Every structure is written in C-alpha cells, then in structure tokens.
Amino acid sequence: MSKLELNALNEIKSGMTRREALRFMGLSPIAAGVLASAGSSNGTNAMASDAKGKIVIVGGGAGGIMAMARLRKALSNPDITIIAPNEVHIYQPGQVFVAAGEYAPEDIIGSNLDFIPDDVKWIKDEVATFDPDNNTLTTRKGEKVSYDYLIVATGLVYHYEKIEGLTIDMIGKNGISSVYLNNLEKGTAEGGSITWKWFNDVKEAAKKGKPRVICTQPATPIKCGGAPQKILYLSDDFLKQDGLTADFTFALNGDKLFGVPAVNKALNEVVQPRYGNITNKFKHNLVAIDGEKKIATFETKVETKGAYDEDLEEYETITTVERVPMEYDFIHIVPPMSAPDAVFNSALAWQKGSAKGWLEVDQDTLQHNRYPNVFGIGDVCGIPLGKTGGSARHHGPIMVANLISQMEKKALTEKFDGYTVCPLKTQYGKIILAEFNYLGAAPSFPLAVEEERWIWWAFDLYMLKPMYWHLMMRGLM
Ligand SMILES: Cc1cc2nc3c(=O)[nH]c(=O)nc-3n(C[C@H](O)[C@H](O)[C@H](O)COP(=O)(O)OP(=O)(O)OC[C@H]3O[C@@H](n4cnc5c(N)ncnc54)[C@H](O)[C@@H]3O)c2cc1C
C-alpha cells in the first residue's frame with residue numbers, strides 16, 4: 001500500500017463520522033442520512049399491503065433477519081413467527097478480518113435481541129422436520145408449528161467430519177486452521193482467532209526455515225467462494241511484510257481460480273506471480289488427514305485414453321480416482337458444506353441433480369417450485385450462484401415482493417438476477433471486488449471488476465460492518 005493510501009485509510013479510521021464516510025464512499029446523501037439515523041426506525045410503510053396470513057421464518061441469520069425486517073415494513077398487519085435458536089448473531093464476513101488480525105473477535109458479535117421486536121413471535125428452537133404437504137413443521141423440542149407461508153433461511157452447515165481423520169477439536173492444533181469454523185446456534189466464531197494464531201505460527205516457522213503451507217477448497221458449493229483464496233493471499237502477504245516466505249500450495253477441486261474470466265486472469269497473471277511461491281493443484285479434493293504425521297490426502301480424477309469405439313469413432317475416456325498424499329507443516333481447511341439436515345432430508349429439497357439437498361426454489365422468483373407458499377433466502381437456496389451475504393441482501397426485496405404478490409393472489413413479477421459479490425483480499429490493503437450475476441461481471445460502480453483497489457479494502461473493513469448491522473439487518477438496504 002502506498003503512503004497516500006495508508007494516510008487515507010488512517011483518515012477514515014480516525015476521524016470520519018458514518019455520514020461522512022458514506023459520502024466519501026460515493027453513496028447518496030439519502031443513504032448517508034439513513035445510516036446516520038438508523039437504529040430506531042422499523043415502523044411500517046404508508047404503502048404497506050393489507051395481505052393477511054401467518055408467515056413463519058426459519059433461521060435468524062443474515063437472510064432470516066433481513067426478511068423479517070422487510071416484511072414488517074411491507075405489511076400493514078404482519079403476523080410473523082421466527083424460529084431461531086440463537087440470540088447471538090455473528091457478522092460472518094468479519095471472520096476473515098479477525099483471521100488477518102484486523103478485527104478483534106468481539107468486533108463481529110451482535111445480538112438478535114436488537115433486531116427481533118416484540119410483535120414478532122420468536123421461537124428459540126431449531127426446526128427438526130418440515131411437512132410442506134400439511135403446511136407444518138416440528139421443532140427439536142417437539143413443538144408443531146403451522147403456517148400459511150414459509151420462508152426458509154437456514155443457511156448451510158459444515159461437514160468437517162467428511163474429511164477422514166479430522167475432528168473439530170484438531171482445528172487450532174498441530175498446524176491446522178479453518179477460518180470458517182463457527183457455531184451459529186451457540187453464537188461462537190472461533191475460526192477467525194484460530195486462523196490469526198495460525199498466521200503468526202506460520203510466520204514464526206518461516207523465520208527458521210521455509211514451511212510447507214496448504215490451503216484447500218472442497219468439492220461442494222461453499223459460502224463466500226473467495227474465502228479460501230483470501231486466506232491464501234493474506235497469510236502469504238503477512239510473511240512478505242517481514243521479508244519471509246513459505247511454499248504455498250492451493251489445492252482446490254475446481255479447474256480454475258475464479259469463475260469470472262477477467263478476475264481469473266488477474267489472479268493468474270497479476271496476483272499469484274507477484275507472490276511467486278504459490279503452486280495450484282487443480283482437481284484436488286481433500287478427503288483425509290493424518291494430524292500426527294501431517295499428511296493430507298487428496299482425491300484427484302485422472303482421465304486416460306481407453307479403447308477405440310468403432311461406432312462413435314472416438315476413443316473411450318477412462319476416469320480413475322487417485323489418492324494423492326501431501327506432507328505439510330501448516331494447512332488451512334475449508335470443509336464440504338450442505339443444506340442443514342432438516343432441509344436436506346425434506347420434501348422441500350431438490351431430490352436429485354447437482355443441487356440435491358438444497359432448497360428447491362426458482363432461480364428468478366425464489367419461490368419453491370412445488371410448494372408455492374414457500375420461499376427461500378440466503379445460502380440454503382439451490383440456485384446456480386451466490387452463497388454470500390451480498391446475495392441474501394439482493395434476495396430480500398425480491399423475495400418479499402414476490403411473497404406479498406403470492407399472498408395477494410397476483411402474478412410474481414420480481415426477478416433475482418443472480419447477483420453475488422466476493423471482496424477478494426489479494427493482499428493487506430487491497431481487494432478485487434468481484435461482483436457478478438447469472439450473465440457475468442456486474443460491477444455496481446463504473447470500475448474494472450478485476451482491478452485490485454485500496455478503496456474496496458477500506459469499504460470492506462470500515463463500512464460494510466456498520467452497513468450490515470444498521471441498514472441490512474433493519475431492512476433499510
Ligand atoms: C469466513 C466467511 C467469510 C465470508 N465472507 C463474506 C463476504 O466477504 N461477503 C459476503 O457477502 N458474504 C460473506 N460470507 C457469507 C455470508 O456470511 C453468508 O452468505 C450469509 O450469512 C448467509 O445468510 P443466511 O441467512 O443464508 O445464513 P446464515 O447467516 O448462516 O444464517 C442461518 C441461520 O439459520 C440457523 N439455522 C440452521 N438450521 C436451522 C434450523 N433447522 N432451524 C432454525 N434455524 C436454523 C443457523 O443457526 C443460522 O443462525 C462469509 C461467510 C464466512 C463464514
């Protein structure tokens with residue numbers, strides 16, 4: 001980062017009010033006013049719909065709280081029940097900044113008590129089973145709840161146990177870390193601080209030699225698809241700041257670094273060559289780990305030419321799966337992820353295909369394909385793009401408008417364009433703000449999507465968190 005950029009960052013950090021900072025970021029004075037005064041407003045809107053019906057929201061994370069706040073404004077007489085076990089609310093994107101030593105762990109902790117008002121019925125429990133044919137669900141404590149309309153906002157769950165030999169208690173020991181680690185039901189997010197210690201342990205090791213560091217990315221969809229690379233680049237840059245280095249391997253199941261071609265090119269041709277110490281292992285999926293011996297085993301598919309097929313006039317392709325062991329000193333693990341069991345095993349999930357187990361909603365309207373009184377928001381949705389808070393923010397107004405149309409027996413007109421955003425932290429002080437949708441790159445600002453910029457770092461580090469708590473969670477953005 002240049003001295004000028006550092007000064008600008010310090011300026012933002014030290015002196016700006018929220019209103020000034022928003023203006024500085026180029027957001028409208030109206031938005032600045034809203035954020036500056038946010039906190040008290042959750043009154044209903046004069047244009048609110050008179051539609052009636054009992055709405056049950058399942059999940060009290062980013063999507064569930066946003067949906068609740070928006071519905072309270074959009075309906076004149078809302079009848080809302082939220083089923084959410086957690087009083088503590090984690091600002092999950094901040095886990096990466098905790099891992100990088102930029103936030104303290106307590107900086108990302110909030111409370112659902114601040115968001116769920118008395119006129120919303122709050123059942124502090126989890127849903128165990130859904131019965132959409134009878135418009136009911138059952139909680140873990142055995143309470144049967146009926147609904148007219150259902151919003152599924154359960155997010156996703158991690159499957160560390162699917163990596164043979166790995167147990168949660170091994171994370172944080174023996175060179176193993178995982179920024180994702182959190183327990184949203186209990187309201188804990190250990191992954192950030194464990195990974196910050198890991199950054200420092202790698203640095204200590206690099207003072208004595210050249211440690212072997214592996215960063216992984218699994219074969220399933222994951223929330224914030226860029227986070228595995230954020231840890232790769234930030235941990236490498238953390239060494240570079242002290243003139244140290246290590247041998248980094250990025251082992252990922254995919255066959256490219258990023259889905260958006262311009263961003264993929266920048267990562268391959270600008271970011272990784274600048275480090276000069278990263279080896280990519282594409283089509284490598286972590287399946288087992290020996291924590292004592294420090295050996296990670298990956299599965300990789302090898303394709304070889306088989307017999308010639310006279311009818312097709314081509315050679316058969318024979319695919320074999322090989323297990324590849326790799327020794328490491330440090331490893332950052334991103335676990336396989338899926339929808340929670342309650343959704344995965346229910347009639348609400350896609351029953352087959354690549355989205356099997358995720359909520360079966362239409363990728364445009366976010367309405368369930370088979371149960372029209374059911375809608376989805378956030379990571380649980382089985383749609384082609386977007387398991388990010390940024391996507392959930394875009395789902396919010398579309399899903400709520402379509403739900404109200406459904407309640408009013410009108411046609412559903414609002415369409416989600418697939419928007420998602422990945423603030424790829426390519427070094428301390430710089431971010432590639434990769435915004436894209438079903439059609440490709442979709443920057444909100446007239447700036448090249450693949451450029452590393454300090455302004456996005458400042459925006460992410462200082463602006464997004466207050467915007468999340470004061471605007472998004474209150475249905476104002
Ligand atoms: C390390 C990390 C970095 C990230 N970085 C970014 C980023 O830079 N930008 C970005 O936009 N997004 C980022 N994200 C992703 C973002 O946090 C999620 O996409 C967002 O929180 C999704 O909202 P959600 O409501 O779908 O799920 P969540 O916010 O995860 O909430 C789901 C809630 O549902 C609850 N639940 C689960 N099962 C049940 C059940 N059966 N009954 C009742 N409740 C249930 C859970 O306890 C949880 O509270 C990041 C996430 C992580 C972990």
# chains A, B, ... in the order shown; residues from 1 in each chain; ligands from 1
>>> residues_near_ligand(ligand="ligand 1", cutoff="7 Å", atoms="only C-alpha atoms and all ligand atoms", output="JSON, numbers by chain")
{"A": [58, 59, 60, 61, 62, 63, 64, 83, 84, 85, 86, 91, 92, 93, 94, 95, 96, 125, 126, 127, 128, 153, 154, 155, 156, 179, 180, 184, 185, 223, 224, 227, 340, 342, 377, 378, 379, 380, 387, 388, 389, 390, 391, 392, 421, 422, 423]}
>>> select_by_dssp(residues="range 61-235 of chain A", states="alpha helix (DSSP H)", output="number ranges by chain")
A: 62-74, 94-99, 190-208, 227-235
>>> closest_residue(among="A:Ala219, A:Ala349, A:Val213, A:Ala104", to="Phe248 in chain A", atoms="only C-alpha atoms")
A:Val213
>>> residues_around(residues="range 359-362 of chain A", least_positions_apart="5", cutoff="6 Å", atoms="only C-alpha atoms", output="mmCIF file with N, CA and C atoms, in the first residue's frame")
data_model
loop_
_atom_site.group_PDB
_atom_site.id
_atom_site.type_symbol
_atom_site.label_atom_id
_atom_site.label_comp_id
_atom_site.auth_asym_id
_atom_site.auth_seq_id
_atom_site.Cartn_x
_atom_site.Cartn_y
_atom_site.Cartn_z
ATOM 1 N N LEU A 348 -38.800 -30.402 0.750
ATOM 2 C CA LEU A 348 -38.506 -29.055 0.237
ATOM 3 C C LEU A 348 -37.237 -29.023 -0.612
ATOM 4 N N ALA A 349 -36.395 -30.052 -0.464
ATOM 5 C CA ALA A 349 -35.091 -30.040 -1.136
ATOM 6 C C ALA A 349 -35.212 -30.563 -2.566
ATOM 7 N N TRP A 350 -34.250 -30.137 -3.399
ATOM 8 C CA TRP A 350 -34.110 -30.783 -4.710
ATOM 9 C C TRP A 350 -33.865 -32.259 -4.433
ATOM 10 N N GLN A 367 -39.286 -18.502 -5.299
ATOM 11 C CA GLN A 367 -40.454 -19.252 -4.815
ATOM 12 C C GLN A 367 -40.183 -20.745 -5.016
ATOM 13 N N HIS A 368 -40.679 -21.567 -4.074
ATOM 14 C CA HIS A 368 -40.481 -23.001 -4.212
ATOM 15 C C HIS A 368 -41.162 -23.506 -5.486
ATOM 16 N N ASN A 369 -40.505 -24.442 -6.169
ATOM 17 C CA ASN A 369 -41.055 -24.932 -7.441
ATOM 18 C C ASN A 369 -42.314 -25.773 -7.261
ATOM 19 N N VAL A 380 -29.128 -21.227 1.699
ATOM 20 C CA VAL A 380 -29.813 -22.522 1.561
ATOM 21 C C VAL A 380 -30.403 -22.728 0.168
ATOM 22 N N CYS A 381 -30.572 -21.635 -0.578
ATOM 23 C CA CYS A 381 -31.250 -21.735 -1.881
ATOM 24 C C CYS A 381 -30.426 -22.551 -2.877
ATOM 25 N N GLY A 382 -31.084 -23.503 -3.534
ATOM 26 C CA GLY A 382 -30.415 -24.326 -4.536
ATOM 27 C C GLY A 382 -30.502 -23.684 -5.899
#
>>> closest_residue(among="A:Lys121, A:Lys197, A:Lys208, A:Arg474", to="Ala67 in chain A", atoms="only C-alpha atoms")
A:Arg474
>>> closest_residue(among="A:Ile231, A:Ala307, A:Met337, A:Ala448", to="Ala100 in chain A", atoms="only C-alpha atoms")
A:Ile231
>>> residues_around(residues="Trp457 in chain A", least_positions_apart="2", cutoff="8 Å", atoms="only C-alpha atoms", output="count of residues only")
10
>>> atom_distance(atom1="CA of Met477 in chain A", atom2="CA of His394 in chain A")
8.9 Å
>>> closest_residue(among="A:Asn134, A:Thr317, A:Gln427, A:Thr81", to="Ile116 in chain A", atoms="only C-alpha atoms")
A:Thr81
>>> closest_residue(among="A:Ala339, A:Ala355, A:Ile108, A:Met47", to="Tyr468 in chain A", atoms="only C-alpha atoms")
A:Ile108
>>> closest_residue(among="A:Thr195, A:Ser235, A:Ser49, A:Ser76", to="Ile171 in chain A", atoms="only C-alpha atoms")
A:Thr195
>>> atom_distance(atom1="CA of Ala205 in chain A", atom2="CA of Tyr160 in chain A")
26.0 Å
>>> select_by_dssp(residues="range 240-444 of chain A", states="strand (DSSP E or B)", output="ChimeraX atom specification")
/A:247-252,278-281,284-290,295-309,314-327,330-332,337-338,349,359,361,367-368,374-376,381,420-427,430-437,440-441
>>> residues_around(residues="Gly172 in chain A", least_positions_apart="3", cutoff="6 Å", atoms="only C-alpha atoms", output="VMD selection string")
chain A and resid 176 to 177 194
>>> residues_around(residues="Tyr149 in chain A", least_positions_apart="6", cutoff="9 Å", atoms="only C-alpha atoms", output="JSON, numbers by chain")
{"A": [53, 54, 55, 56, 57, 135, 372, 373, 374, 375, 403, 407]}
>>> write_last_selection(atoms="C-alpha atoms", output="CSV table (one decimal), in the first residue's frame")
chain,number,residue,atom,x,y,z
A,53,GLY,CA,-51.6,-14.8,6.6
A,54,LYS,CA,-49.3,-16.4,9.2
A,55,ILE,CA,-45.7,-16.2,8.0
A,56,VAL,CA,-43.1,-18.4,9.6
A,57,ILE,CA,-39.4,-17.6,9.0
A,135,ASN,CA,-48.1,-26.6,6.0
A,372,PRO,CA,-46.0,-22.0,-3.9
A,373,ASN,CA,-46.5,-20.8,-0.3
A,374,VAL,CA,-42.8,-21.5,0.4
A,375,PHE,CA,-39.9,-19.1,-0.4
A,403,LEU,CA,-44.3,-13.4,-1.3
A,407,MET,CA,-50.5,-13.5,-0.6
>>> residues_around(residues="range 163-166 of chain A", least_positions_apart="2", cutoff="7 Å", atoms="only C-alpha atoms", output="compact mmCIF listing (two decimals) with all heavy atoms, in the first residue's frame")
# COMPACT_ATOMS: atom_id res chain seq x y z
N TYR A 160 -16.98 -31.02 8.46
CA TYR A 160 -15.58 -31.36 8.73
C TYR A 160 -15.43 -32.88 8.87
O TYR A 160 -14.41 -33.46 8.53
CB TYR A 160 -15.12 -30.68 10.03
CG TYR A 160 -14.94 -29.18 9.89
CD1 TYR A 160 -15.89 -28.29 10.38
CD2 TYR A 160 -13.80 -28.65 9.28
CE1 TYR A 160 -15.72 -26.92 10.26
CE2 TYR A 160 -13.62 -27.27 9.15
CZ TYR A 160 -14.58 -26.41 9.65
OH TYR A 160 -14.42 -25.06 9.52
N GLU A 161 -16.52 -33.53 9.39
CA GLU A 161 -16.43 -34.98 9.65
C GLU A 161 -16.30 -35.80 8.37
O GLU A 161 -15.91 -36.96 8.43
CB GLU A 161 -17.65 -35.43 10.48
CG GLU A 161 -18.96 -35.64 9.70
CD GLU A 161 -19.65 -34.35 9.22
OE1 GLU A 161 -19.21 -33.25 9.59
OE2 GLU A 161 -20.65 -34.45 8.46
N ILE A 168 -13.32 -31.78 14.91
CA ILE A 168 -13.32 -30.32 15.15
C ILE A 168 -12.23 -29.93 16.15
O ILE A 168 -11.59 -28.89 16.01
CB ILE A 168 -14.70 -29.87 15.69
CG1 ILE A 168 -15.80 -30.16 14.68
CG2 ILE A 168 -14.69 -28.41 16.12
CD1 ILE A 168 -16.09 -29.08 13.69
N MET A 170 -9.36 -30.90 16.47
CA MET A 170 -8.00 -30.84 15.90
C MET A 170 -7.72 -29.46 15.28
O MET A 170 -6.57 -29.11 15.01
CB MET A 170 -7.84 -31.91 14.81
CG MET A 170 -7.74 -33.32 15.37
SD MET A 170 -8.04 -34.57 14.08
CE MET A 170 -6.67 -34.32 12.97
N LEU A 286 -9.63 -32.52 -0.87
CA LEU A 286 -9.13 -33.09 0.40
C LEU A 286 -10.12 -34.12 0.93
O LEU A 286 -11.28 -33.82 1.16
CB LEU A 286 -8.96 -31.96 1.43
CG LEU A 286 -8.47 -32.41 2.81
CD1 LEU A 286 -7.03 -32.92 2.76
CD2 LEU A 286 -8.58 -31.27 3.82
N VAL A 287 -9.63 -35.35 1.16
CA VAL A 287 -10.54 -36.40 1.66
C VAL A 287 -10.08 -37.00 2.99
O VAL A 287 -10.87 -37.62 3.69
CB VAL A 287 -10.74 -37.55 0.64
CG1 VAL A 287 -11.55 -37.08 -0.56
CG2 VAL A 287 -9.41 -38.16 0.20
N ALA A 288 -8.81 -36.83 3.34
CA ALA A 288 -8.33 -37.43 4.59
C ALA A 288 -7.16 -36.63 5.13
O ALA A 288 -6.45 -35.95 4.38
CB ALA A 288 -7.91 -38.88 4.35
N ILE A 289 -6.98 -36.72 6.44
CA ILE A 289 -5.85 -36.03 7.05
C ILE A 289 -5.30 -36.86 8.20
O ILE A 289 -6.06 -37.48 8.95
CB ILE A 289 -6.28 -34.61 7.50
CG1 ILE A 289 -5.07 -33.77 7.86
CG2 ILE A 289 -7.27 -34.63 8.64
CD1 ILE A 289 -5.32 -32.29 7.72
N ASP A 290 -3.97 -36.90 8.27
CA ASP A 290 -3.31 -37.53 9.42
C ASP A 290 -2.66 -36.39 10.20
O ASP A 290 -1.59 -35.89 9.82
CB ASP A 290 -2.28 -38.55 8.91
CG ASP A 290 -1.61 -39.30 10.06
OD1 ASP A 290 -1.52 -38.72 11.17
OD2 ASP A 290 -1.19 -40.45 9.85
>>> decode(residues="range 123-144 of chain A", atoms="N, CA, C and O atoms", output="mmCIF file, in the first residue's frame")
data_model
loop_
_atom_site.group_PDB
_atom_site.id
_atom_site.type_symbol
_atom_site.label_atom_id
_atom_site.label_comp_id
_atom_site.auth_asym_id
_atom_site.auth_seq_id
_atom_site.Cartn_x
_atom_site.Cartn_y
_atom_site.Cartn_z
ATOM 1 N N ILE A 123 -39.629 -18.164 18.394
ATOM 2 C CA ILE A 123 -39.474 -19.498 18.987
ATOM 3 C C ILE A 123 -37.983 -19.819 18.982
ATOM 4 O O ILE A 123 -37.369 -19.977 17.917
ATOM 5 N N LYS A 124 -37.401 -19.886 20.194
ATOM 6 C CA LYS A 124 -35.933 -20.090 20.285
ATOM 7 C C LYS A 124 -35.620 -21.581 20.206
ATOM 8 O O LYS A 124 -35.342 -22.238 21.216
ATOM 9 N N ASP A 125 -35.731 -22.101 19.034
ATOM 10 C CA ASP A 125 -35.547 -23.530 18.830
ATOM 11 C C ASP A 125 -35.145 -23.731 17.373
ATOM 12 O O ASP A 125 -35.150 -22.774 16.587
ATOM 13 N N GLU A 126 -34.806 -24.963 17.047
ATOM 14 C CA GLU A 126 -34.462 -25.286 15.660
ATOM 15 C C GLU A 126 -35.567 -26.127 15.052
ATOM 16 O O GLU A 126 -36.227 -26.889 15.761
ATOM 17 N N VAL A 127 -35.717 -26.040 13.761
ATOM 18 C CA VAL A 127 -36.680 -26.919 13.087
ATOM 19 C C VAL A 127 -36.016 -28.280 12.884
ATOM 20 O O VAL A 127 -34.879 -28.360 12.417
ATOM 21 N N ALA A 128 -36.738 -29.346 13.263
ATOM 22 C CA ALA A 128 -36.206 -30.700 13.062
ATOM 23 C C ALA A 128 -36.735 -31.288 11.761
ATOM 24 O O ALA A 128 -35.982 -31.909 11.009
ATOM 25 N N THR A 129 -38.047 -31.088 11.490
ATOM 26 C CA THR A 129 -38.628 -31.647 10.250
ATOM 27 C C THR A 129 -39.641 -30.673 9.646
ATOM 28 O O THR A 129 -40.329 -29.946 10.373
ATOM 29 N N PHE A 130 -39.692 -30.696 8.332
ATOM 30 C CA PHE A 130 -40.693 -29.906 7.597
ATOM 31 C C PHE A 130 -41.732 -30.853 7.014
ATOM 32 O O PHE A 130 -41.381 -31.929 6.508
ATOM 33 N N ASP A 131 -43.004 -30.442 7.049
ATOM 34 C CA ASP A 131 -44.072 -31.225 6.399
ATOM 35 C C ASP A 131 -44.855 -30.269 5.492
ATOM 36 O O ASP A 131 -45.968 -29.831 5.818
ATOM 37 N N PRO A 132 -44.281 -29.935 4.336
ATOM 38 C CA PRO A 132 -44.901 -28.905 3.487
ATOM 39 C C PRO A 132 -46.242 -29.331 2.898
ATOM 40 O O PRO A 132 -47.038 -28.468 2.520
ATOM 41 N N ASP A 133 -46.525 -30.642 2.851
ATOM 42 C CA ASP A 133 -47.833 -31.073 2.331
ATOM 43 C C ASP A 133 -48.947 -30.683 3.293
ATOM 44 O O ASP A 133 -50.101 -30.546 2.893
ATOM 45 N N ASN A 134 -48.595 -30.511 4.581
ATOM 46 C CA ASN A 134 -49.602 -30.127 5.570
ATOM 47 C C ASN A 134 -49.327 -28.741 6.154
ATOM 48 O O ASN A 134 -49.898 -28.373 7.191
ATOM 49 N N ASN A 135 -48.417 -27.982 5.525
ATOM 50 C CA ASN A 135 -48.079 -26.622 5.984
ATOM 51 C C ASN A 135 -47.717 -26.591 7.472
ATOM 52 O O ASN A 135 -48.146 -25.705 8.215
ATOM 53 N N THR A 136 -46.927 -27.555 7.883
ATOM 54 C CA THR A 136 -46.485 -27.588 9.286
ATOM 55 C C THR A 136 -45.003 -27.947 9.340
ATOM 56 O O THR A 136 -44.424 -28.462 8.378
ATOM 57 N N LEU A 137 -44.437 -27.695 10.504
ATOM 58 C CA LEU A 137 -43.071 -28.135 10.795
ATOM 59 C C LEU A 137 -43.005 -28.485 12.272
ATOM 60 O O LEU A 137 -43.883 -28.096 13.055
ATOM 61 N N THR A 138 -41.965 -29.213 12.638
ATOM 62 C CA THR A 138 -41.810 -29.600 14.051
ATOM 63 C C THR A 138 -40.431 -29.178 14.519
ATOM 64 O O THR A 138 -39.442 -29.361 13.796
ATOM 65 N N THR A 139 -40.376 -28.611 15.716
ATOM 66 C CA THR A 139 -39.087 -28.163 16.239
ATOM 67 C C THR A 139 -38.404 -29.317 16.995
ATOM 68 O O THR A 139 -39.022 -30.338 17.282
ATOM 69 N N ARG A 140 -37.121 -29.091 17.342
ATOM 70 C CA ARG A 140 -36.385 -30.139 18.071
ATOM 71 C C ARG A 140 -37.040 -30.456 19.407
ATOM 72 O O ARG A 140 -37.033 -31.597 19.849
ATOM 73 N N LYS A 141 -37.600 -29.417 20.040
ATOM 74 C CA LYS A 141 -38.251 -29.666 21.345
ATOM 75 C C LYS A 141 -39.633 -30.297 21.165
ATOM 76 O O LYS A 141 -40.341 -30.521 22.132
ATOM 77 N N GLY A 142 -40.055 -30.519 19.924
ATOM 78 C CA GLY A 142 -41.303 -31.237 19.664
ATOM 79 C C GLY A 142 -42.509 -30.357 19.417
ATOM 80 O O GLY A 142 -43.625 -30.858 19.256
ATOM 81 N N GLU A 143 -42.302 -29.032 19.341
ATOM 82 C CA GLU A 143 -43.448 -28.147 19.093
ATOM 83 C C GLU A 143 -43.844 -28.235 17.612
ATOM 84 O O GLU A 143 -42.984 -28.138 16.721
ATOM 85 N N LYS A 144 -45.152 -28.407 17.365
ATOM 86 C CA LYS A 144 -45.643 -28.442 15.987
ATOM 87 C C LYS A 144 -46.131 -27.034 15.635
ATOM 88 O O LYS A 144 -46.923 -26.457 16.383
#
